[in-house]
>>> print(open('model16.txt').read())   # compact mmCIF, N, CA and C atoms
# COMPACT_ATOMS: atom_id res chain seq x y z
N MET Q 1 47.27 31.94 -56.88
CA MET Q 1 45.91 31.49 -56.65
C MET Q 1 45.93 30.00 -56.29
N THR Q 2 45.29 29.64 -55.22
CA THR Q 2 45.29 28.26 -54.77
C THR Q 2 43.98 27.59 -55.14
N LYS Q 3 44.09 26.34 -55.47
CA LYS Q 3 42.88 25.57 -55.75
C LYS Q 3 42.29 25.08 -54.45
N GLN Q 4 41.03 25.30 -54.30
CA GLN Q 4 40.35 24.85 -53.09
C GLN Q 4 39.35 23.78 -53.48
N GLY Q 5 39.42 22.65 -52.83
CA GLY Q 5 38.50 21.56 -53.12
C GLY Q 5 37.12 21.84 -52.56
N PRO Q 6 36.16 21.04 -52.97
CA PRO Q 6 34.80 21.23 -52.45
C PRO Q 6 34.74 20.97 -50.95
N ASP Q 7 33.96 21.77 -50.27
CA ASP Q 7 33.85 21.59 -48.82
C ASP Q 7 32.90 20.43 -48.50
N LYS Q 8 32.86 20.04 -47.24
CA LYS Q 8 32.08 18.87 -46.82
C LYS Q 8 30.58 19.09 -47.04
N GLU Q 9 30.12 20.30 -46.77
CA GLU Q 9 28.68 20.57 -46.90
C GLU Q 9 28.23 20.46 -48.36
N HIS Q 10 29.05 20.96 -49.28
CA HIS Q 10 28.73 20.87 -50.70
C HIS Q 10 28.70 19.41 -51.15
N MET Q 11 29.67 18.64 -50.71
CA MET Q 11 29.70 17.22 -51.06
C MET Q 11 28.52 16.47 -50.47
N ARG Q 12 28.13 16.84 -49.25
CA ARG Q 12 26.98 16.20 -48.62
C ARG Q 12 25.69 16.50 -49.40
N MET Q 13 25.55 17.73 -49.89
CA MET Q 13 24.36 18.09 -50.67
C MET Q 13 24.33 17.31 -51.99
N LEU Q 14 25.46 17.17 -52.66
CA LEU Q 14 25.50 16.42 -53.90
C LEU Q 14 25.21 14.94 -53.67
N GLU Q 15 25.72 14.42 -52.58
CA GLU Q 15 25.45 13.02 -52.25
C GLU Q 15 23.96 12.82 -51.95
N ALA Q 16 23.36 13.76 -51.23
CA ALA Q 16 21.93 13.65 -50.92
C ALA Q 16 21.09 13.72 -52.19
N LEU Q 17 21.47 14.58 -53.12
CA LEU Q 17 20.75 14.67 -54.39
C LEU Q 17 20.84 13.37 -55.17
N ALA Q 18 22.02 12.77 -55.20
CA ALA Q 18 22.20 11.50 -55.91
C ALA Q 18 21.37 10.39 -55.26
N VAL Q 19 21.34 10.36 -53.95
CA VAL Q 19 20.60 9.32 -53.24
C VAL Q 19 19.10 9.47 -53.45
N VAL Q 20 18.60 10.70 -53.36
CA VAL Q 20 17.16 10.93 -53.52
C VAL Q 20 16.72 10.58 -54.94
N SER Q 21 17.50 10.96 -55.94
CA SER Q 21 17.10 10.65 -57.31
C SER Q 21 17.17 9.14 -57.56
N SER Q 22 18.13 8.46 -56.98
CA SER Q 22 18.19 7.01 -57.17
C SER Q 22 17.06 6.31 -56.41
N LEU Q 23 16.66 6.84 -55.26
CA LEU Q 23 15.54 6.24 -54.53
C LEU Q 23 14.23 6.38 -55.29
N ALA Q 24 14.04 7.52 -55.94
CA ALA Q 24 12.82 7.71 -56.73
C ALA Q 24 12.79 6.72 -57.89
N PHE Q 25 13.91 6.57 -58.58
CA PHE Q 25 13.98 5.60 -59.67
C PHE Q 25 13.76 4.19 -59.16
N MET Q 26 14.38 3.87 -58.02
CA MET Q 26 14.26 2.53 -57.46
C MET Q 26 12.81 2.22 -57.08
N ALA Q 27 12.12 3.20 -56.51
CA ALA Q 27 10.74 2.98 -56.09
C ALA Q 27 9.86 2.66 -57.30
N VAL Q 28 9.99 3.44 -58.35
CA VAL Q 28 9.18 3.20 -59.55
C VAL Q 28 9.54 1.85 -60.17
N PHE Q 29 10.83 1.60 -60.32
CA PHE Q 29 11.28 0.35 -60.94
C PHE Q 29 10.86 -0.87 -60.12
N ASP Q 30 11.01 -0.80 -58.81
CA ASP Q 30 10.61 -1.93 -57.95
C ASP Q 30 9.13 -2.25 -58.07
N PHE Q 31 8.29 -1.21 -58.05
CA PHE Q 31 6.86 -1.47 -58.11
C PHE Q 31 6.42 -1.98 -59.48
N LEU Q 32 7.02 -1.46 -60.54
CA LEU Q 32 6.69 -1.99 -61.87
C LEU Q 32 7.15 -3.43 -62.01
N LEU Q 33 8.35 -3.72 -61.56
CA LEU Q 33 8.86 -5.09 -61.62
C LEU Q 33 8.02 -6.03 -60.77
N ALA Q 34 7.63 -5.58 -59.59
CA ALA Q 34 6.80 -6.42 -58.71
C ALA Q 34 5.43 -6.68 -59.33
N TYR Q 35 4.84 -5.65 -59.92
CA TYR Q 35 3.51 -5.81 -60.51
C TYR Q 35 3.53 -6.78 -61.69
N PHE Q 36 4.43 -6.50 -62.66
CA PHE Q 36 4.45 -7.34 -63.85
C PHE Q 36 5.08 -8.71 -63.58
N GLY Q 37 6.07 -8.75 -62.68
CA GLY Q 37 6.64 -10.04 -62.30
C GLY Q 37 5.63 -10.90 -61.55
N GLY Q 38 4.84 -10.26 -60.71
CA GLY Q 38 3.79 -10.99 -59.99
C GLY Q 38 2.72 -11.52 -60.93
N ASN Q 39 2.37 -10.71 -61.94
CA ASN Q 39 1.41 -11.19 -62.96
C ASN Q 39 1.96 -12.38 -63.71
N TRP Q 40 3.26 -12.31 -64.08
CA TRP Q 40 3.87 -13.41 -64.80
C TRP Q 40 3.89 -14.67 -63.94
N LEU Q 41 4.24 -14.51 -62.67
CA LEU Q 41 4.26 -15.67 -61.77
C LEU Q 41 2.86 -16.25 -61.58
N ASP Q 42 1.86 -15.38 -61.48
CA ASP Q 42 0.48 -15.87 -61.36
C ASP Q 42 0.09 -16.68 -62.58
N ALA Q 43 0.46 -16.21 -63.76
CA ALA Q 43 0.13 -16.94 -64.99
C ALA Q 43 0.94 -18.24 -65.09
N TYR Q 44 2.21 -18.18 -64.73
CA TYR Q 44 3.08 -19.36 -64.83
C TYR Q 44 2.67 -20.44 -63.84
N LEU Q 45 2.37 -20.03 -62.61
CA LEU Q 45 1.99 -21.00 -61.58
C LEU Q 45 0.48 -21.28 -61.56
N GLN Q 46 -0.27 -20.56 -62.37
CA GLN Q 46 -1.72 -20.71 -62.52
C GLN Q 46 -2.44 -20.57 -61.18
N THR Q 47 -2.05 -19.54 -60.41
CA THR Q 47 -2.74 -19.29 -59.15
C THR Q 47 -4.04 -18.56 -59.41
N GLY Q 48 -4.05 -17.61 -60.32
CA GLY Q 48 -5.28 -16.94 -60.72
C GLY Q 48 -5.87 -16.00 -59.69
N SER Q 49 -5.33 -15.95 -58.51
CA SER Q 49 -5.93 -15.11 -57.48
C SER Q 49 -5.10 -13.88 -57.15
N HIS Q 50 -4.13 -13.57 -57.98
CA HIS Q 50 -3.23 -12.42 -57.78
C HIS Q 50 -2.42 -12.56 -56.50
N LEU Q 51 -2.21 -13.77 -56.08
CA LEU Q 51 -1.45 -14.03 -54.87
C LEU Q 51 0.01 -13.61 -55.04
N MET Q 52 0.62 -14.02 -56.13
CA MET Q 52 2.02 -13.71 -56.37
C MET Q 52 2.24 -12.22 -56.57
N ARG Q 53 1.30 -11.56 -57.24
CA ARG Q 53 1.42 -10.11 -57.42
C ARG Q 53 1.38 -9.42 -56.06
N SER Q 54 0.50 -9.84 -55.19
CA SER Q 54 0.41 -9.24 -53.86
C SER Q 54 1.68 -9.48 -53.05
N ILE Q 55 2.23 -10.69 -53.15
CA ILE Q 55 3.47 -10.99 -52.43
C ILE Q 55 4.62 -10.15 -52.96
N CYS Q 56 4.72 -10.02 -54.28
CA CYS Q 56 5.80 -9.24 -54.88
C CYS Q 56 5.69 -7.77 -54.52
N ILE Q 57 4.50 -7.23 -54.52
CA ILE Q 57 4.32 -5.82 -54.16
C ILE Q 57 4.64 -5.61 -52.69
N ALA Q 58 4.24 -6.55 -51.84
CA ALA Q 58 4.57 -6.44 -50.41
C ALA Q 58 6.08 -6.48 -50.20
N LEU Q 59 6.78 -7.32 -50.94
CA LEU Q 59 8.24 -7.37 -50.85
C LEU Q 59 8.88 -6.08 -51.34
N ALA Q 60 8.29 -5.46 -52.37
CA ALA Q 60 8.80 -4.18 -52.87
C ALA Q 60 8.63 -3.09 -51.82
N VAL Q 61 7.50 -3.09 -51.13
CA VAL Q 61 7.26 -2.10 -50.07
C VAL Q 61 8.25 -2.30 -48.92
N ILE Q 62 8.45 -3.55 -48.53
CA ILE Q 62 9.41 -3.84 -47.46
C ILE Q 62 10.82 -3.43 -47.86
N SER Q 63 11.18 -3.71 -49.09
CA SER Q 63 12.50 -3.34 -49.60
C SER Q 63 12.70 -1.83 -49.58
N LEU Q 64 11.68 -1.10 -50.00
CA LEU Q 64 11.77 0.36 -50.01
C LEU Q 64 11.86 0.92 -48.60
N CYS Q 65 11.08 0.38 -47.68
CA CYS Q 65 11.14 0.84 -46.28
C CYS Q 65 12.50 0.56 -45.67
N MET Q 66 13.06 -0.61 -45.93
CA MET Q 66 14.39 -0.94 -45.40
C MET Q 66 15.46 -0.02 -45.99
N THR Q 67 15.32 0.34 -47.25
CA THR Q 67 16.29 1.24 -47.88
C THR Q 67 16.22 2.61 -47.25
N TYR Q 68 15.00 3.12 -47.01
CA TYR Q 68 14.86 4.42 -46.35
C TYR Q 68 15.41 4.38 -44.93
N TYR Q 69 15.16 3.29 -44.22
CA TYR Q 69 15.67 3.14 -42.85
C TYR Q 69 17.20 3.15 -42.84
N ASN Q 70 17.80 2.39 -43.74
CA ASN Q 70 19.26 2.36 -43.81
C ASN Q 70 19.83 3.71 -44.18
N LEU Q 71 19.16 4.44 -45.06
CA LEU Q 71 19.62 5.77 -45.45
C LEU Q 71 19.57 6.73 -44.27
N ILE Q 72 18.51 6.67 -43.49
CA ILE Q 72 18.38 7.54 -42.32
C ILE Q 72 19.45 7.18 -41.28
N GLN Q 73 19.65 5.90 -41.04
CA GLN Q 73 20.69 5.47 -40.10
C GLN Q 73 22.07 5.95 -40.54
N LYS Q 74 22.36 5.81 -41.83
CA LYS Q 74 23.65 6.24 -42.36
C LYS Q 74 23.83 7.74 -42.19
N SER Q 75 22.77 8.49 -42.43
CA SER Q 75 22.83 9.94 -42.29
C SER Q 75 23.08 10.34 -40.84
N ILE Q 76 22.39 9.70 -39.92
CA ILE Q 76 22.55 10.01 -38.49
C ILE Q 76 23.97 9.68 -38.04
N LEU Q 77 24.46 8.51 -38.42
CA LEU Q 77 25.81 8.12 -38.03
C LEU Q 77 26.86 9.04 -38.65
N SER Q 78 26.63 9.48 -39.87
CA SER Q 78 27.57 10.39 -40.53
C SER Q 78 27.63 11.73 -39.82
N ARG Q 79 26.48 12.24 -39.43
CA ARG Q 79 26.46 13.53 -38.72
C ARG Q 79 27.10 13.42 -37.34
N GLU Q 80 26.86 12.32 -36.65
CA GLU Q 80 27.49 12.12 -35.35
C GLU Q 80 29.01 12.03 -35.49
N GLN Q 81 29.46 11.35 -36.53
CA GLN Q 81 30.90 11.23 -36.75
C GLN Q 81 31.52 12.59 -37.09
N ASP Q 82 30.82 13.41 -37.88
CA ASP Q 82 31.31 14.76 -38.21
C ASP Q 82 31.40 15.64 -36.96
N GLU Q 83 30.41 15.50 -36.07
CA GLU Q 83 30.44 16.27 -34.84
C GLU Q 83 31.60 15.85 -33.95
N LYS Q 84 31.91 14.56 -33.90
CA LYS Q 84 33.03 14.08 -33.11
C LYS Q 84 34.35 14.56 -33.71
N ASP Q 85 34.44 14.59 -35.04
CA ASP Q 85 35.65 15.04 -35.70
C ASP Q 85 35.92 16.53 -35.47
N GLU Q 86 34.85 17.31 -35.37
CA GLU Q 86 35.00 18.75 -35.16
C GLU Q 86 35.48 19.06 -33.76
N GLN Q 87 35.18 18.21 -32.80
CA GLN Q 87 35.57 18.47 -31.41
C GLN Q 87 36.95 18.05 -31.19
>>> encode(input="model16.txt", output="structure tokens")
Amino acid sequence: MTKQGPDKEHMRMLEALAVVSSLAFMAVFDFLLAYFGGNWLDAYLQTGSHLMRSICIALAVISLCMTYYNLIQKSILSREQDEKDEQ
């Protein structure tokens, strides 16, 4: 009986599951950190107008969008490389 390692498709599915679960955690953590960090900065700098909270939340949104963009680019490049390897 020979041991057979996991195939590429199985590994790709496990990697996708890990990435999706980490992105969900990252989204929640980023927004909570931005909200409470922005409140702390508003109190520390005495802006009082929720300016820092708005800036922090905007940065969290940009960070999340860039992460999704990079993930999609990585996925596309990975599939193209797999197709080239098969030929």
>>> closest_atom_pairs(input="model16.txt", of="range 14-58 of chain Q", to="range 71-83 of chain Q", cutoff="10 Å", atoms="only C-alpha atoms", output="Markdown table")
| residue | atom | partner | partner_atom | distance |
| --- | --- | --- | --- | --- |
| Q:Ala16 | CA | Q:Ser75 | CA | 9.4 |
| Q:Val19 | CA | Q:Leu71 | CA | 8.6 |
| Q:Val20 | CA | Q:Leu71 | CA | 9.9 |
| Q:Leu23 | CA | Q:Leu71 | CA | 10.0 |
>>> residues_around(input="model16.txt", residues="range 30-45 of chain Q", least_positions_apart="5", cutoff="6 Å", atoms="only C-alpha atoms", output="PyMOL selection string")
chain Q and resi 52-53+56-57+60
>>> atom_distance(input="model16.txt", atom1="atom N of Asp85 in chain Q", atom2="atom C of Asn70 in chain Q")
20.4 Å
>>> atom_distance(input="model16.txt", atom1="atom C of Asp7 in chain Q", atom2="CA of Ala24 in chain Q")
25.2 Å
>>> atom_distance(input="model16.txt", atom1="CA of Glu9 in chain Q", atom2="CA of Met26 in chain Q")
25.4 Å
